[in-house]
$ cat work-v9.cif   # mmCIF, C-alpha atoms, pLDDT in the B column; chains and numbers go by the auth columns
data_protein
loop_
_atom_site.group_PDB
_atom_site.id
_atom_site.type_symbol
_atom_site.label_atom_id
_atom_site.label_comp_id
_atom_site.label_asym_id
_atom_site.label_seq_id
_atom_site.Cartn_x
_atom_site.Cartn_y
_atom_site.Cartn_z
_atom_site.B_iso_or_equiv
_atom_site.auth_seq_id
_atom_site.auth_asym_id
ATOM 1 C CA PRO A 1 35.816 -42.204 -34.223 48.00 1 D
ATOM 2 C CA THR A 2 37.846 -44.044 -36.839 38.00 2 D
ATOM 3 C CA THR A 3 40.671 -42.214 -38.549 38.00 3 D
ATOM 4 C CA GLN A 4 42.800 -43.170 -41.524 44.00 4 D
ATOM 5 C CA SER A 5 46.429 -42.408 -42.004 44.00 5 D
ATOM 6 C CA ALA A 6 47.631 -40.848 -45.236 48.00 6 D
ATOM 7 C CA ALA A 7 49.270 -44.149 -46.171 49.00 7 D
ATOM 8 C CA SER A 8 46.019 -46.107 -45.911 48.00 8 D
ATOM 9 C CA ILE A 9 44.174 -43.516 -47.991 48.00 9 D
ATOM 10 C CA GLU A 10 46.848 -43.805 -50.688 52.00 10 D
ATOM 11 C CA ASP A 11 46.622 -47.601 -50.526 56.00 11 D
ATOM 12 C CA VAL A 12 42.886 -47.404 -51.215 54.00 12 D
ATOM 13 C CA SER A 13 43.056 -44.760 -53.945 75.00 13 D
ATOM 14 C CA ALA A 14 45.983 -46.245 -55.907 80.00 14 D
ATOM 15 C CA PRO A 15 43.983 -49.258 -57.196 83.00 15 D
ATOM 16 C CA ARG A 16 41.046 -46.963 -57.984 84.00 16 D
ATOM 17 C CA ILE A 17 43.284 -44.637 -60.006 88.00 17 D
ATOM 18 C CA GLN A 18 44.797 -47.632 -61.781 92.00 18 D
ATOM 19 C CA ALA A 19 41.330 -48.969 -62.612 93.00 19 D
ATOM 20 C CA ASP A 20 40.290 -45.554 -63.967 94.00 20 D
ATOM 21 C CA GLU A 21 43.404 -45.394 -66.151 94.00 21 D
ATOM 22 C CA GLN A 22 42.704 -48.869 -67.539 95.00 22 D
ATOM 23 C CA LEU A 23 39.077 -47.945 -68.209 96.00 23 D
ATOM 24 C CA LEU A 24 40.165 -44.712 -69.907 96.00 24 D
ATOM 25 C CA ARG A 25 42.443 -46.696 -72.236 96.00 25 D
ATOM 26 C CA ARG A 26 39.672 -49.203 -73.042 96.00 26 D
ATOM 27 C CA VAL A 27 37.060 -46.517 -73.766 96.00 27 D
ATOM 28 C CA GLY A 28 39.524 -44.480 -75.814 96.00 28 D
ATOM 29 C CA SER A 29 40.549 -47.532 -77.818 96.00 29 D
ATOM 30 C CA VAL A 30 36.958 -48.515 -78.578 96.00 30 D
ATOM 31 C CA LEU A 31 36.010 -44.985 -79.693 95.00 31 D
ATOM 32 C CA LYS A 32 39.207 -44.542 -81.741 95.00 32 D
ATOM 33 C CA SER A 33 38.495 -47.779 -83.614 95.00 33 D
ATOM 34 C CA SER A 34 34.818 -46.935 -84.203 93.00 34 D
ATOM 35 C CA GLU A 35 33.466 -47.107 -87.736 95.00 35 D
ATOM 36 C CA TYR A 36 31.849 -43.743 -86.922 94.00 36 D
ATOM 37 C CA TYR A 37 34.794 -41.469 -87.618 92.00 37 D
ATOM 38 C CA PRO A 38 33.509 -38.454 -85.572 92.00 38 D
ATOM 39 C CA LEU A 39 33.583 -40.573 -82.391 95.00 39 D
ATOM 40 C CA ARG A 40 37.355 -40.825 -82.720 94.00 40 D
ATOM 41 C CA ASP A 41 37.656 -37.192 -81.595 94.00 41 D
ATOM 42 C CA VAL A 42 35.486 -37.494 -78.471 96.00 42 D
ATOM 43 C CA GLU A 43 37.245 -36.404 -75.265 96.00 43 D
ATOM 44 C CA VAL A 44 37.019 -39.017 -72.522 96.00 44 D
ATOM 45 C CA THR A 45 37.519 -38.521 -68.787 95.00 45 D
ATOM 46 C CA VAL A 46 37.165 -41.214 -66.119 95.00 46 D
ATOM 47 C CA ARG A 47 36.856 -40.778 -62.366 93.00 47 D
ATOM 48 C CA ASP A 48 35.813 -43.531 -59.968 91.00 48 D
ATOM 49 C CA GLY A 49 34.394 -45.592 -62.831 93.00 49 D
ATOM 50 C CA VAL A 50 32.289 -42.697 -64.127 95.00 50 D
ATOM 51 C CA VAL A 51 32.977 -41.972 -67.801 96.00 51 D
ATOM 52 C CA ILE A 52 32.444 -38.429 -69.075 96.00 52 D
ATOM 53 C CA LEU A 53 32.194 -37.791 -72.817 97.00 53 D
ATOM 54 C CA ARG A 54 32.830 -34.279 -74.126 96.00 54 D
ATOM 55 C CA GLY A 55 33.129 -32.759 -77.552 96.00 55 D
ATOM 56 C CA THR A 56 30.946 -32.053 -80.534 96.00 56 D
ATOM 57 C CA VAL A 57 29.157 -34.434 -82.874 96.00 57 D
ATOM 58 C CA SER A 58 26.991 -33.627 -85.882 95.00 58 D
ATOM 59 C CA SER A 59 23.826 -35.481 -84.861 96.00 59 D
ATOM 60 C CA PHE A 60 21.840 -36.838 -81.942 96.00 60 D
ATOM 61 C CA TYR A 61 22.295 -40.254 -83.555 97.00 61 D
ATOM 62 C CA LEU A 62 26.091 -40.041 -83.121 97.00 62 D
ATOM 63 C CA LYS A 63 25.635 -38.861 -79.545 97.00 63 D
ATOM 64 C CA GLN A 64 23.487 -41.933 -78.871 97.00 64 D
ATOM 65 C CA VAL A 65 25.948 -44.254 -80.658 97.00 65 D
ATOM 66 C CA ALA A 66 28.757 -42.940 -78.441 97.00 66 D
ATOM 67 C CA GLN A 67 26.642 -43.522 -75.338 97.00 67 D
ATOM 68 C CA THR A 68 25.573 -47.036 -76.321 97.00 68 D
ATOM 69 C CA THR A 69 29.135 -47.953 -77.277 96.00 69 D
ATOM 70 C CA VAL A 70 30.603 -46.799 -73.966 97.00 70 D
ATOM 71 C CA LEU A 71 27.877 -48.399 -71.855 97.00 71 D
ATOM 72 C CA GLY A 72 28.800 -51.734 -73.458 95.00 72 D
ATOM 73 C CA ILE A 73 32.336 -51.581 -72.040 95.00 73 D
ATOM 74 C CA GLY A 74 32.991 -53.542 -68.856 93.00 74 D
ATOM 75 C CA GLY A 75 33.876 -51.463 -65.813 93.00 75 D
ATOM 76 C CA VAL A 76 31.745 -48.425 -66.684 95.00 76 D
ATOM 77 C CA ARG A 77 29.747 -47.677 -63.535 95.00 77 D
ATOM 78 C CA LYS A 78 28.009 -44.597 -64.884 96.00 78 D
ATOM 79 C CA LEU A 79 28.126 -42.402 -67.991 97.00 79 D
ATOM 80 C CA ARG A 80 27.784 -38.635 -68.304 97.00 80 D
ATOM 81 C CA ASN A 81 27.242 -37.853 -71.970 98.00 81 D
ATOM 82 C CA GLU A 82 28.118 -34.173 -72.305 97.00 82 D
ATOM 83 C CA LEU A 83 28.529 -34.323 -76.077 97.00 83 D
ATOM 84 C CA THR A 84 27.152 -31.289 -77.880 97.00 84 D
ATOM 85 C CA VAL A 85 25.216 -31.719 -81.116 97.00 85 D
ATOM 86 C CA CYS A 86 26.070 -29.125 -83.707 92.00 86 D
ATOM 87 C CA SER A 87 24.869 -29.730 -87.240 77.00 87 D
ATOM 88 C CA ASN A 88 26.365 -27.750 -90.099 72.00 88 D
ATOM 89 C CA GLU A 89 23.005 -27.054 -91.722 55.00 89 D
#

$ encode --input "work-v9.cif" --output "structure tokens"
Amino acid sequence: PTTQSAASIEDVSAPRIQADEQLLRRVGSVLKSSEYYPLRDVEVTVRDGVVILRGTVSSFYLKQVAQTTVLGIGGVRKLRNELTVCSNE
């Protein structure tokens, strides 16, 4: 059986964490500069290239805009769109 030392595990995970942090900054920047103001408040989490969107938007259209916007960003391996739609009607 092959075993890994703690040092080699850290060596592998450090670049992954760095890549996630860079992706988080890119996604956050794109959403914060969106012409759709409600997307600026979306909570973003990234783990292993998987982007998770959380928060509340007022329409399914905005939920879809957030999803399409994020999927257009390089480095996104997968997207979990957990945005909740809550209209004030």

$ atom_distance --input "work-v9.cif" --atom1 "CA of Gly74 in chain D" --atom2 "CA of Gly49 in chain D"
10.1 Å

$ atom_distance --input "work-v9.cif" --atom1 "CA of Asp48 in chain D" --atom2 "CA of Tyr61 in chain D"
27.4 Å

$ residues_around --input "work-v9.cif" --residues "range 19-24 of chain D" --least-positions-apart "5" --cutoff "12 Å" --atoms "all atoms listed in the file" --output "MDAnalysis selection string"
chainID D and resid 12:14 29:32 43:53 70:71 73:77

$ resolve_selection --input "work-v9.cif" --expression "the PyMOL selection byres ((chain D and resi 58-60) around 8)" --output "PyMOL selection string"
chain D and resi 56-57+61-64+85-88

$ atom_distance --input "work-v9.cif" --atom1 "CA of Asn81 in chain D" --atom2 "CA of Val65 in chain D"
10.9 Å
